[in-house]
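What follows is the content of work21.pdb, which has PDB, C-alpha atoms and all ligand atoms:
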```
ATOM      1  CA  MET A   1     -12.649  34.970 -10.582  1.00  0.00           C
ATOM      2  CA  ALA A   2     -13.508  32.474  -7.919  1.00  0.00           C
ATOM      3  CA  PHE A   3     -13.133  28.773  -8.569  1.00  0.00           C
ATOM      4  CA  GLU A   4     -16.406  26.927  -9.096  1.00  0.00           C
ATOM      5  CA  LEU A   5     -17.741  23.439  -8.561  1.00  0.00           C
ATOM      6  CA  PRO A   6     -18.256  21.983 -12.047  1.00  0.00           C
ATOM      7  CA  PRO A   7     -21.607  20.244 -12.572  1.00  0.00           C
ATOM      8  CA  LEU A   8     -21.533  16.464 -12.846  1.00  0.00           C
ATOM      9  CA  PRO A   9     -21.614  15.256 -16.465  1.00  0.00           C
ATOM     10  CA  TYR A  10     -24.493  12.893 -15.504  1.00  0.00           C
ATOM     11  CA  SER A  11     -27.308  12.848 -12.961  1.00  0.00           C
ATOM     12  CA  THR A  12     -26.584  11.881  -9.342  1.00  0.00           C
ATOM     13  CA  ASN A  13     -28.418   8.567  -9.805  1.00  0.00           C
ATOM     14  CA  ALA A  14     -26.740   7.723 -13.138  1.00  0.00           C
ATOM     15  CA  LEU A  15     -24.019   5.505 -11.664  1.00  0.00           C
ATOM     16  CA  ALA A  16     -26.205   3.642  -9.154  1.00  0.00           C
ATOM     17  CA  GLY A  17     -26.487   0.603 -11.420  1.00  0.00           C
ATOM     18  CA  ALA A  18     -22.712   0.501 -11.790  1.00  0.00           C
ATOM     19  CA  GLY A  19     -21.829   0.568  -8.093  1.00  0.00           C
ATOM     20  CA  MET A  20     -21.890   4.238  -7.048  1.00  0.00           C
ATOM     21  CA  CYS A  21     -25.169   5.216  -5.430  1.00  0.00           C
ATOM     22  CA  GLN A  22     -26.963   8.559  -5.513  1.00  0.00           C
ATOM     23  CA  GLU A  23     -26.146   9.359  -1.887  1.00  0.00           C
ATOM     24  CA  THR A  24     -22.430   8.796  -2.515  1.00  0.00           C
ATOM     25  CA  LEU A  25     -22.494  11.181  -5.479  1.00  0.00           C
ATOM     26  CA  GLU A  26     -24.592  13.799  -3.672  1.00  0.00           C
ATOM     27  CA  LEU A  27     -22.235  13.861  -0.694  1.00  0.00           C
ATOM     28  CA  HIS A  28     -18.995  13.406  -2.603  1.00  0.00           C
ATOM     29  CA  HIS A  29     -19.712  16.027  -5.263  1.00  0.00           C
ATOM     30  CA  GLY A  30     -22.065  18.370  -3.427  1.00  0.00           C
ATOM     31  CA  LYS A  31     -20.347  18.363  -0.030  1.00  0.00           C
ATOM     32  CA  HIS A  32     -16.742  17.097  -0.242  1.00  0.00           C
ATOM     33  CA  HIS A  33     -15.756  18.584  -3.603  1.00  0.00           C
ATOM     34  CA  GLN A  34     -17.674  21.781  -2.818  1.00  0.00           C
ATOM     35  CA  ALA A  35     -15.777  22.097   0.473  1.00  0.00           C
ATOM     36  CA  TYR A  36     -12.416  21.955  -1.344  1.00  0.00           C
ATOM     37  CA  VAL A  37     -13.571  24.697  -3.740  1.00  0.00           C
ATOM     38  CA  THR A  38     -14.883  26.889  -0.918  1.00  0.00           C
ATOM     39  CA  ALA A  39     -11.681  26.473   1.113  1.00  0.00           C
ATOM     40  CA  LEU A  40      -9.477  27.207  -1.910  1.00  0.00           C
ATOM     41  CA  ASN A  41     -11.425  30.395  -2.682  1.00  0.00           C
ATOM     42  CA  GLY A  42     -10.951  31.472   0.934  1.00  0.00           C
ATOM     43  CA  PHE A  43      -7.161  31.096   0.639  1.00  0.00           C
ATOM     44  CA  VAL A  44      -7.054  32.943  -2.698  1.00  0.00           C
ATOM     45  CA  GLU A  45      -9.055  35.813  -1.243  1.00  0.00           C
ATOM     46  CA  LYS A  46      -6.474  36.282   1.520  1.00  0.00           C
ATOM     47  CA  ASP A  47      -3.282  35.719  -0.491  1.00  0.00           C
ATOM     48  CA  PRO A  48      -2.441  38.115  -3.367  1.00  0.00           C
ATOM     49  CA  SER A  49       0.229  35.695  -4.686  1.00  0.00           C
ATOM     50  CA  LEU A  50      -2.563  33.262  -5.585  1.00  0.00           C
ATOM     51  CA  GLN A  51      -4.851  35.795  -7.213  1.00  0.00           C
ATOM     52  CA  GLY A  52      -5.262  35.594 -10.996  1.00  0.00           C
ATOM     53  CA  LYS A  53      -3.574  32.190 -11.047  1.00  0.00           C
ATOM     54  CA  SER A  54      -5.108  29.174 -12.786  1.00  0.00           C
ATOM     55  CA  LEU A  55      -5.749  25.995 -10.830  1.00  0.00           C
ATOM     56  CA  ASP A  56      -2.825  24.269 -12.587  1.00  0.00           C
ATOM     57  CA  GLU A  57      -0.548  27.165 -11.653  1.00  0.00           C
ATOM     58  CA  ILE A  58      -1.549  27.009  -7.983  1.00  0.00           C
ATOM     59  CA  VAL A  59      -1.035  23.216  -7.847  1.00  0.00           C
ATOM     60  CA  ARG A  60       2.437  23.581  -9.397  1.00  0.00           C
ATOM     61  CA  MET A  61       3.341  26.608  -7.210  1.00  0.00           C
ATOM     62  CA  LYS A  62       2.498  24.719  -4.036  1.00  0.00           C
ATOM     63  CA  ALA A  63       3.721  21.253  -5.084  1.00  0.00           C
ATOM     64  CA  ASN A  64       6.737  21.474  -2.792  1.00  0.00           C
ATOM     65  CA  GLU A  65       4.924  23.293  -0.030  1.00  0.00           C
ATOM     66  CA  PRO A  66       2.527  20.800   1.577  1.00  0.00           C
ATOM     67  CA  GLY A  67      -0.307  22.468   3.422  1.00  0.00           C
ATOM     68  CA  PRO A  68      -3.927  23.518   3.153  1.00  0.00           C
ATOM     69  CA  VAL A  69      -3.585  25.525  -0.075  1.00  0.00           C
ATOM     70  CA  PHE A  70      -1.966  22.614  -1.908  1.00  0.00           C
ATOM     71  CA  ASN A  71      -4.376  20.090  -0.375  1.00  0.00           C
ATOM     72  CA  ASN A  72      -7.515  21.966  -1.428  1.00  0.00           C
ATOM     73  CA  ALA A  73      -6.207  23.031  -4.863  1.00  0.00           C
ATOM     74  CA  GLY A  74      -5.031  19.470  -5.493  1.00  0.00           C
ATOM     75  CA  GLN A  75      -8.334  17.980  -4.455  1.00  0.00           C
ATOM     76  CA  HIS A  76     -10.256  20.402  -6.684  1.00  0.00           C
ATOM     77  CA  TRP A  77      -7.996  19.445  -9.626  1.00  0.00           C
ATOM     78  CA  ASN A  78      -8.313  15.708  -8.863  1.00  0.00           C
ATOM     79  CA  HIS A  79     -12.103  15.702  -8.585  1.00  0.00           C
ATOM     80  CA  ILE A  80     -12.597  17.688 -11.817  1.00  0.00           C
ATOM     81  CA  ILE A  81     -10.926  14.755 -13.598  1.00  0.00           C
ATOM     82  CA  PHE A  82     -12.546  12.100 -11.409  1.00  0.00           C
ATOM     83  CA  TRP A  83     -16.132  13.014 -12.395  1.00  0.00           C
ATOM     84  CA  GLN A  84     -15.263  13.073 -16.091  1.00  0.00           C
ATOM     85  CA  GLN A  85     -13.700   9.619 -16.117  1.00  0.00           C
ATOM     86  CA  LEU A  86     -16.640   7.804 -14.532  1.00  0.00           C
ATOM     87  CA  SER A  87     -19.436   6.531 -16.750  1.00  0.00           C
ATOM     88  CA  PRO A  88     -22.724   4.640 -16.382  1.00  0.00           C
ATOM     89  CA  ASN A  89     -21.474   2.598 -19.366  1.00  0.00           C
ATOM     90  CA  GLY A  90     -17.892   2.225 -18.210  1.00  0.00           C
ATOM     91  CA  GLY A  91     -15.575  -0.739 -18.356  1.00  0.00           C
ATOM     92  CA  LYS A  92     -15.177  -1.063 -22.135  1.00  0.00           C
ATOM     93  CA  ILE A  93     -11.610  -0.505 -23.336  1.00  0.00           C
ATOM     94  CA  PRO A  94     -11.483   0.925 -26.888  1.00  0.00           C
ATOM     95  CA  GLY A  95      -8.971  -0.344 -29.448  1.00  0.00           C
ATOM     96  CA  LYS A  96      -6.221   2.247 -29.429  1.00  0.00           C
ATOM     97  CA  LEU A  97      -6.020   2.304 -25.632  1.00  0.00           C
ATOM     98  CA  GLN A  98      -6.136  -1.504 -25.574  1.00  0.00           C
ATOM     99  CA  GLN A  99      -3.075  -1.690 -27.836  1.00  0.00           C
ATOM    100  CA  LYS A 100      -1.208   0.728 -25.573  1.00  0.00           C
ATOM    101  CA  ILE A 101      -2.180  -1.238 -22.444  1.00  0.00           C
ATOM    102  CA  ASP A 102      -0.986  -4.449 -24.101  1.00  0.00           C
ATOM    103  CA  ALA A 103       2.298  -2.859 -25.191  1.00  0.00           C
ATOM    104  CA  ASP A 104       3.160  -0.926 -22.023  1.00  0.00           C
ATOM    105  CA  LEU A 105       1.390  -2.697 -19.155  1.00  0.00           C
ATOM    106  CA  GLY A 106       1.409  -6.358 -20.156  1.00  0.00           C
ATOM    107  CA  GLY A 107      -2.275  -6.703 -21.099  1.00  0.00           C
ATOM    108  CA  THR A 108      -5.649  -5.992 -19.505  1.00  0.00           C
ATOM    109  CA  GLU A 109      -5.457  -8.557 -16.726  1.00  0.00           C
ATOM    110  CA  LYS A 110      -2.073  -7.331 -15.505  1.00  0.00           C
ATOM    111  CA  PHE A 111      -3.116  -3.681 -15.912  1.00  0.00           C
ATOM    112  CA  LYS A 112      -6.181  -4.232 -13.723  1.00  0.00           C
ATOM    113  CA  ALA A 113      -4.256  -6.243 -11.120  1.00  0.00           C
ATOM    114  CA  ASP A 114      -1.531  -3.596 -10.899  1.00  0.00           C
ATOM    115  CA  PHE A 115      -3.986  -0.675 -10.786  1.00  0.00           C
ATOM    116  CA  LYS A 116      -5.975  -2.431  -8.071  1.00  0.00           C
ATOM    117  CA  GLN A 117      -2.770  -3.021  -6.136  1.00  0.00           C
ATOM    118  CA  ALA A 118      -1.931   0.708  -6.356  1.00  0.00           C
ATOM    119  CA  ALA A 119      -5.420   1.540  -5.026  1.00  0.00           C
ATOM    120  CA  ILE A 120      -5.095  -0.925  -2.156  1.00  0.00           C
ATOM    121  CA  GLY A 121      -1.456  -0.077  -1.474  1.00  0.00           C
ATOM    122  CA  GLN A 122      -2.068   3.637  -0.971  1.00  0.00           C
ATOM    123  CA  PHE A 123      -2.055   3.668   2.836  1.00  0.00           C
ATOM    124  CA  GLY A 124      -4.791   5.981   4.118  1.00  0.00           C
ATOM    125  CA  SER A 125      -6.341   8.578   1.829  1.00  0.00           C
ATOM    126  CA  GLY A 126      -5.175   9.262  -1.701  1.00  0.00           C
ATOM    127  CA  TRP A 127      -5.491   8.388  -5.361  1.00  0.00           C
ATOM    128  CA  ALA A 128      -4.518   5.726  -7.888  1.00  0.00           C
ATOM    129  CA  TRP A 129      -3.720   6.901 -11.421  1.00  0.00           C
ATOM    130  CA  LEU A 130      -3.121   5.723 -14.954  1.00  0.00           C
ATOM    131  CA  VAL A 131      -0.848   8.272 -16.593  1.00  0.00           C
ATOM    132  CA  LEU A 132       0.955   8.747 -19.874  1.00  0.00           C
ATOM    133  CA  GLY A 133       4.465   9.420 -18.648  1.00  0.00           C
ATOM    134  CA  PRO A 134       6.951  11.919 -20.067  1.00  0.00           C
ATOM    135  CA  ASP A 135       8.647   8.922 -21.771  1.00  0.00           C
ATOM    136  CA  GLY A 136       5.483   8.237 -23.800  1.00  0.00           C
ATOM    137  CA  LYS A 137       4.602   5.071 -21.893  1.00  0.00           C
ATOM    138  CA  LEU A 138       1.594   4.268 -19.752  1.00  0.00           C
ATOM    139  CA  LYS A 139       2.309   4.016 -16.054  1.00  0.00           C
ATOM    140  CA  ILE A 140       0.282   3.194 -12.941  1.00  0.00           C
ATOM    141  CA  THR A 141       1.018   5.358  -9.945  1.00  0.00           C
ATOM    142  CA  LYS A 142      -0.456   6.510  -6.641  1.00  0.00           C
ATOM    143  CA  THR A 143      -0.349   9.660  -4.540  1.00  0.00           C
ATOM    144  CA  PRO A 144      -1.315  10.458  -0.930  1.00  0.00           C
ATOM    145  CA  ASN A 145      -4.062  12.866   0.137  1.00  0.00           C
ATOM    146  CA  GLY A 146      -4.567  15.694  -2.392  1.00  0.00           C
ATOM    147  CA  SER A 147      -1.442  15.199  -4.466  1.00  0.00           C
ATOM    148  CA  ASN A 148      -1.545  14.239  -8.140  1.00  0.00           C
ATOM    149  CA  PRO A 149       0.582  13.612 -11.262  1.00  0.00           C
ATOM    150  CA  LEU A 150       0.606  17.336 -12.098  1.00  0.00           C
ATOM    151  CA  ALA A 151       2.380  18.012  -8.793  1.00  0.00           C
ATOM    152  CA  THR A 152       4.733  15.024  -9.077  1.00  0.00           C
ATOM    153  CA  GLY A 153       5.470  15.566 -12.787  1.00  0.00           C
ATOM    154  CA  GLU A 154       4.541  11.968 -13.549  1.00  0.00           C
ATOM    155  CA  GLY A 155       2.557  12.750 -16.675  1.00  0.00           C
ATOM    156  CA  ARG A 156      -0.848  13.227 -18.217  1.00  0.00           C
ATOM    157  CA  VAL A 157      -3.806  11.659 -16.377  1.00  0.00           C
ATOM    158  CA  LEU A 158      -5.834   9.046 -18.262  1.00  0.00           C
ATOM    159  CA  LEU A 159      -7.653   7.533 -15.263  1.00  0.00           C
ATOM    160  CA  ALA A 160      -8.080   8.659 -11.657  1.00  0.00           C
ATOM    161  CA  LEU A 161      -9.455   6.647  -8.756  1.00  0.00           C
ATOM    162  CA  ASP A 162     -10.293   8.413  -5.507  1.00  0.00           C
ATOM    163  CA  VAL A 163      -9.463   6.018  -2.656  1.00  0.00           C
ATOM    164  CA  TRP A 164     -10.545   8.295   0.180  1.00  0.00           C
ATOM    165  CA  GLU A 165     -13.138   6.437   2.248  1.00  0.00           C
ATOM    166  CA  HIS A 166     -15.799   9.045   1.365  1.00  0.00           C
ATOM    167  CA  SER A 167     -15.661   7.706  -2.192  1.00  0.00           C
ATOM    168  CA  TYR A 168     -16.620   4.107  -1.388  1.00  0.00           C
ATOM    169  CA  TYR A 169     -17.850   3.650   2.164  1.00  0.00           C
ATOM    170  CA  LEU A 170     -21.587   3.791   1.434  1.00  0.00           C
ATOM    171  CA  ASP A 171     -21.331   1.362  -1.487  1.00  0.00           C
ATOM    172  CA  PHE A 172     -18.526  -0.967  -0.396  1.00  0.00           C
ATOM    173  CA  ARG A 173     -18.015  -0.267   3.325  1.00  0.00           C
ATOM    174  CA  ASN A 174     -14.380  -1.130   4.153  1.00  0.00           C
ATOM    175  CA  ARG A 175     -13.860  -3.192   0.982  1.00  0.00           C
ATOM    176  CA  ARG A 176     -11.531  -0.965  -1.003  1.00  0.00           C
ATOM    177  CA  PRO A 177     -10.364  -3.877  -3.225  1.00  0.00           C
ATOM    178  CA  ASP A 178     -13.972  -4.511  -4.349  1.00  0.00           C
ATOM    179  CA  TYR A 179     -14.479  -0.784  -5.019  1.00  0.00           C
ATOM    180  CA  ALA A 180     -11.331  -0.707  -7.166  1.00  0.00           C
ATOM    181  CA  GLN A 181     -12.317  -3.856  -9.066  1.00  0.00           C
ATOM    182  CA  ASN A 182     -15.834  -2.507  -9.676  1.00  0.00           C
ATOM    183  CA  TYR A 183     -14.341   0.757 -10.931  1.00  0.00           C
ATOM    184  CA  LEU A 184     -12.079  -1.019 -13.414  1.00  0.00           C
ATOM    185  CA  ASP A 185     -14.817  -3.350 -14.655  1.00  0.00           C
ATOM    186  CA  ARG A 186     -17.911  -1.096 -14.665  1.00  0.00           C
ATOM    187  CA  LEU A 187     -17.277   2.573 -13.893  1.00  0.00           C
ATOM    188  CA  ALA A 188     -14.026   3.597 -15.563  1.00  0.00           C
ATOM    189  CA  ASN A 189     -14.632   5.682 -18.684  1.00  0.00           C
ATOM    190  CA  TYR A 190     -11.938   4.252 -20.939  1.00  0.00           C
ATOM    191  CA  GLU A 191     -13.232   6.456 -23.774  1.00  0.00           C
ATOM    192  CA  TYR A 192     -12.100   9.446 -21.691  1.00  0.00           C
ATOM    193  CA  ALA A 193      -8.718   7.768 -21.166  1.00  0.00           C
ATOM    194  CA  GLU A 194      -8.309   7.118 -24.885  1.00  0.00           C
ATOM    195  CA  ALA A 195      -9.253  10.719 -25.712  1.00  0.00           C
ATOM    196  CA  GLN A 196      -6.519  11.940 -23.349  1.00  0.00           C
ATOM    197  CA  LEU A 197      -4.067   9.554 -25.009  1.00  0.00           C
ATOM    198  CA  SER A 198      -5.019  10.831 -28.477  1.00  0.00           C
ATOM    199  CA  ALA A 199      -4.746  14.484 -27.388  1.00  0.00           C
ATOM    200  CA  ALA A 200      -1.249  13.998 -25.943  1.00  0.00           C
TER     201      ALA A 200
HETATM  202 MN   MN3 A 301     -13.049  12.585  -2.991  1.00  0.00          MN
END
```

Now that the file is in, can you turn its structure into structure tokens?
Ligand code: MN3
Amino acid sequence: MAFELPPLPYSTNALAGAGMCQETLELHHGKHHQAYVTALNGFVEKDPSLQGKSLDEIVRMKANEPGPVFNNAGQHWNHIIFWQQLSPNGGKIPGKLQQKIDADLGGTEKFKADFKQAAIGQFGSGWAWLVLGPDGKLKITKTPNGSNPLATGEGRVLLALDVWEHSYYLDFRNRRPDYAQNYLDRLANYEYAEAQLSAA
């Protein structure tokens, strides 16, 4: 079974009022994410060791073998989460997650400052993450290119911010800090994050 581009859980103009325009979503989902899926399917077709494997299995298999298979599998995995944890009504932190942020990350203000710093501090392309670590505590982390917390073993993903330029250049030009701040204040689906926390 070939991997498929999942549909967006909202229309391509749904996030325009919250700082992510229709053209960004059309290109990012329809072109960039689709390209990762198409490339990954091409590798699977040619390599019997990848056939019948789940996406998680391929990411883990290739975690210590950087290259095009890992990059495209990782990016497919990352974007599946990315679309789910954006919302036209984002930015509101529900109670249970709030308590955990207060306990583990020193409160909302510090959480946002540290997450923003991870997004800015990732040199070049990559991702910033909020994860629930193996020790049961929330942690902010970042990865380069197509890597992710599944590959690094850093825990379960609660939030994922794509800091590749294709994710913010139309809306924020070169201003990655503003893109990250807007994400935290208006786009991040903290309900998704809390659901992941509850399911852990
Ligand atoms: Mn992307």

Which residues of chain A have any atom within 8 Å of an atom in ligand MN3 301 (chain A) when counting all atoms listed in the file, and what is the closest pair of atoms for each, with the distance in Å to one decimal? Order the rows by chain and rising number and write it as JSON lines.
```
{"residue": "A:His28", "atom": "CA", "partner": "A:MN3_301", "partner_atom": "MN", "distance": 6.0}
{"residue": "A:His29", "atom": "CA", "partner": "A:MN3_301", "partner_atom": "MN", "distance": 7.8}
{"residue": "A:His32", "atom": "CA", "partner": "A:MN3_301", "partner_atom": "MN", "distance": 6.4}
{"residue": "A:His33", "atom": "CA", "partner": "A:MN3_301", "partner_atom": "MN", "distance": 6.6}
{"residue": "A:Gln75", "atom": "CA", "partner": "A:MN3_301", "partner_atom": "MN", "distance": 7.3}
{"residue": "A:His79", "atom": "CA", "partner": "A:MN3_301", "partner_atom": "MN", "distance": 6.5}
{"residue": "A:Asp162", "atom": "CA", "partner": "A:MN3_301", "partner_atom": "MN", "distance": 5.6}
{"residue": "A:Val163", "atom": "CA", "partner": "A:MN3_301", "partner_atom": "MN", "distance": 7.5}
{"residue": "A:Trp164", "atom": "CA", "partner": "A:MN3_301", "partner_atom": "MN", "distance": 5.9}
{"residue": "A:His166", "atom": "CA", "partner": "A:MN3_301", "partner_atom": "MN", "distance": 6.3}
{"residue": "A:Ser167", "atom": "CA", "partner": "A:MN3_301", "partner_atom": "MN", "distance": 5.6}
```

Checklist entry - Where does the PyMOL selection byres (((chain A and resi 93-108) around 7) and not hetatm) land in this file, that is, which residues does it pick, as a list of chain:residue names? => result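 Applied to this file, the PyMOL selection byres (((chain A and resi 93-108) around 7) and not hetatm) selects A:Gly91, A:Lys92, A:Glu109, A:Lys110, A:Phe111, A:Lys112, A:Lys137, A:Leu138, A:Tyr190, A:Glu191, A:Glu194.
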
Would you list the residues near (-19.5, 7.1, -16.9) (no more than 7 Å away, in the coordinates of the file, using all atoms listed in the file) as a PDB file with C-alpha atoms, in the coordinates of the input?
```pdb
ATOM      1  CA  GLN A  85     -13.700   9.619 -16.117  1.00  0.00           C
ATOM      2  CA  LEU A  86     -16.640   7.804 -14.532  1.00  0.00           C
ATOM      3  CA  SER A  87     -19.436   6.531 -16.750  1.00  0.00           C
ATOM      4  CA  PRO A  88     -22.724   4.640 -16.382  1.00  0.00           C
ATOM      5  CA  ASN A  89     -21.474   2.598 -19.366  1.00  0.00           C
ATOM      6  CA  GLY A  90     -17.892   2.225 -18.210  1.00  0.00           C
ATOM      7  CA  LEU A 187     -17.277   2.573 -13.893  1.00  0.00           C
ATOM      8  CA  ALA A 188     -14.026   3.597 -15.563  1.00  0.00           C
ATOM      9  CA  ASN A 189     -14.632   5.682 -18.684  1.00  0.00           C
TER      10      ASN A 189
END
```

Next on the checklist: Quick one: residues within 12 Å of Val44 in chain A, all atoms listed in the file, excluding same-chain residues fewer than 4 positions away - as a list in words?
Outcome noted: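 What passes the distance filter is Met1, Ala2, Phe3, Val37, Thr38, Ala39, Leu40, Pro48, Ser49, Leu50, Gln51, Gly52, Lys53, Ser54, Leu55, Ile58, Pro68, Val69, Phe70, Asn72 and Ala73 of chain A.
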
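Here CA of Gly30 in chain A stands at a distance of 29.0 Å from CA of Asn64 in chain A.
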
Item to check | Atom pair CA of Trp83 in chain A / CA of Leu8 in chain A: separation (Å) | outcome: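 We find that CA of Trp83 in chain A and CA of Leu8 in chain A lie 6.4 Å from each other.
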
Checklist entry - Can you tell me, as a PyMOL selection string, what residues are no more than 8 Å from Leu132 in chain A when counting all atoms listed in the file, ignoring any on the same chain fewer than 5 positions away? => result chain A and resi 137-139+154-158+197

Next on the checklist: Would you pick out the contacts of Asn145 in chain A at 9 Å or less, using only C-alpha atoms, so that residues sharing its chain but fewer than 3 positions from it are not included, and give the list as a list in words?
Outcome noted: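 Close residues of Asn145 in chain A: Asn71, Gly74, Gln75, Gly124, Ser125, Gly126, Trp127, Asn148 and Trp164 of chain A.
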
Next on the checklist: Using only C-alpha atoms, can you tell me which of A:Gly42, A:Gly67, A:Pro134, A:Gly19 comes closest to Gly146 in chain A?
Outcome noted: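 Using only C-alpha atoms, Gly146 in chain A sits closest to A:Gly67.
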
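If you measure from each of A:Ala199, A:Ser11, A:Tyr168, A:Ser147 to Glu65 in chain A using all atoms listed in the file, the closest one turns out to be A:Ser147.
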
Give, as JSON, the centre coordinates and the x, y and z edge lengths in Å to one decimal for an axis-aligned box around all listed atoms of range 11-17 of chain A, padded by 6 Å on each side.
```
{"center_x": -26.2, "center_y": 6.7, "center_z": -11.1, "size_x": 16.4, "size_y": 24.2, "size_z": 16.0}
```

Starting from the structure just given, write a file holding range 30-37 of chain A with all heavy atoms, as an mmCIF file, in the first residue's frame.
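The resulting file, decode_2.cif, is reproduced below:
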```cif
data_model
loop_
_atom_site.group_PDB
_atom_site.id
_atom_site.type_symbol
_atom_site.label_atom_id
_atom_site.label_comp_id
_atom_site.auth_asym_id
_atom_site.auth_seq_id
_atom_site.Cartn_x
_atom_site.Cartn_y
_atom_site.Cartn_z
ATOM 1 N N GLY A 30 -0.188 20.888 -0.595
ATOM 2 C CA GLY A 30 -0.407 20.288 -1.910
ATOM 3 C C GLY A 30 0.850 20.029 -2.720
ATOM 4 O O GLY A 30 0.873 19.132 -3.559
ATOM 5 N N LYS A 31 1.893 20.818 -2.474
ATOM 6 C CA LYS A 31 3.146 20.642 -3.229
ATOM 7 C C LYS A 31 4.263 20.053 -2.363
ATOM 8 O O LYS A 31 4.822 19.014 -2.696
ATOM 9 C CB LYS A 31 3.612 21.987 -3.822
ATOM 10 C CG LYS A 31 2.601 22.642 -4.752
ATOM 11 C CD LYS A 31 2.356 21.851 -6.023
ATOM 12 C CE LYS A 31 1.346 22.567 -6.921
ATOM 13 N NZ LYS A 31 0.943 21.724 -8.066
ATOM 14 N N HIS A 32 4.625 20.724 -1.270
ATOM 15 C CA HIS A 32 5.757 20.243 -0.459
ATOM 16 C C HIS A 32 5.464 18.887 0.188
ATOM 17 O O HIS A 32 6.225 17.936 0.027
ATOM 18 C CB HIS A 32 6.138 21.273 0.614
ATOM 19 C CG HIS A 32 6.775 22.504 0.068
ATOM 20 N ND1 HIS A 32 8.122 22.576 -0.232
ATOM 21 C CD2 HIS A 32 6.261 23.706 -0.263
ATOM 22 C CE1 HIS A 32 8.407 23.779 -0.703
ATOM 23 N NE2 HIS A 32 7.292 24.493 -0.739
ATOM 24 N N HIS A 33 4.357 18.820 0.947
ATOM 25 C CA HIS A 33 4.056 17.544 1.616
ATOM 26 C C HIS A 33 3.832 16.442 0.575
ATOM 27 O O HIS A 33 4.331 15.329 0.713
ATOM 28 C CB HIS A 33 2.845 17.710 2.553
ATOM 29 C CG HIS A 33 2.599 16.511 3.438
ATOM 30 N ND1 HIS A 33 1.634 16.484 4.401
ATOM 31 C CD2 HIS A 33 3.194 15.283 3.472
ATOM 32 C CE1 HIS A 33 1.647 15.292 5.004
ATOM 33 N NE2 HIS A 33 2.582 14.552 4.446
ATOM 34 N N GLN A 34 3.098 16.773 -0.484
ATOM 35 C CA GLN A 34 2.877 15.774 -1.545
ATOM 36 C C GLN A 34 4.198 15.265 -2.126
ATOM 37 O O GLN A 34 4.346 14.060 -2.411
ATOM 38 C CB GLN A 34 2.012 16.364 -2.664
ATOM 39 C CG GLN A 34 1.756 15.394 -3.824
ATOM 40 C CD GLN A 34 0.923 14.192 -3.419
ATOM 41 O OE1 GLN A 34 -0.252 14.332 -3.070
ATOM 42 N NE2 GLN A 34 1.522 13.000 -3.423
ATOM 43 N N ALA A 35 5.163 16.150 -2.283
ATOM 44 C CA ALA A 35 6.457 15.745 -2.850
ATOM 45 C C ALA A 35 7.177 14.748 -1.943
ATOM 46 O O ALA A 35 7.826 13.811 -2.426
ATOM 47 C CB ALA A 35 7.336 16.974 -3.089
ATOM 48 N N TYR A 36 7.068 14.944 -0.616
ATOM 49 C CA TYR A 36 7.694 13.982 0.309
ATOM 50 C C TYR A 36 7.024 12.604 0.170
ATOM 51 O O TYR A 36 7.697 11.575 0.182
ATOM 52 C CB TYR A 36 7.571 14.463 1.763
ATOM 53 C CG TYR A 36 8.218 15.801 2.048
ATOM 54 C CD1 TYR A 36 7.511 16.824 2.687
ATOM 55 C CD2 TYR A 36 9.546 16.046 1.705
ATOM 56 C CE1 TYR A 36 8.097 18.056 2.962
ATOM 57 C CE2 TYR A 36 10.140 17.274 1.971
ATOM 58 C CZ TYR A 36 9.416 18.280 2.599
ATOM 59 O OH TYR A 36 9.986 19.487 2.870
ATOM 60 N N VAL A 37 5.701 12.599 0.051
ATOM 61 C CA VAL A 37 4.961 11.340 -0.070
ATOM 62 C C VAL A 37 5.334 10.633 -1.377
ATOM 63 O O VAL A 37 5.604 9.429 -1.396
ATOM 64 C CB VAL A 37 3.437 11.602 -0.008
ATOM 65 C CG1 VAL A 37 2.653 10.323 -0.277
ATOM 66 C CG2 VAL A 37 3.044 12.190 1.348
#
```
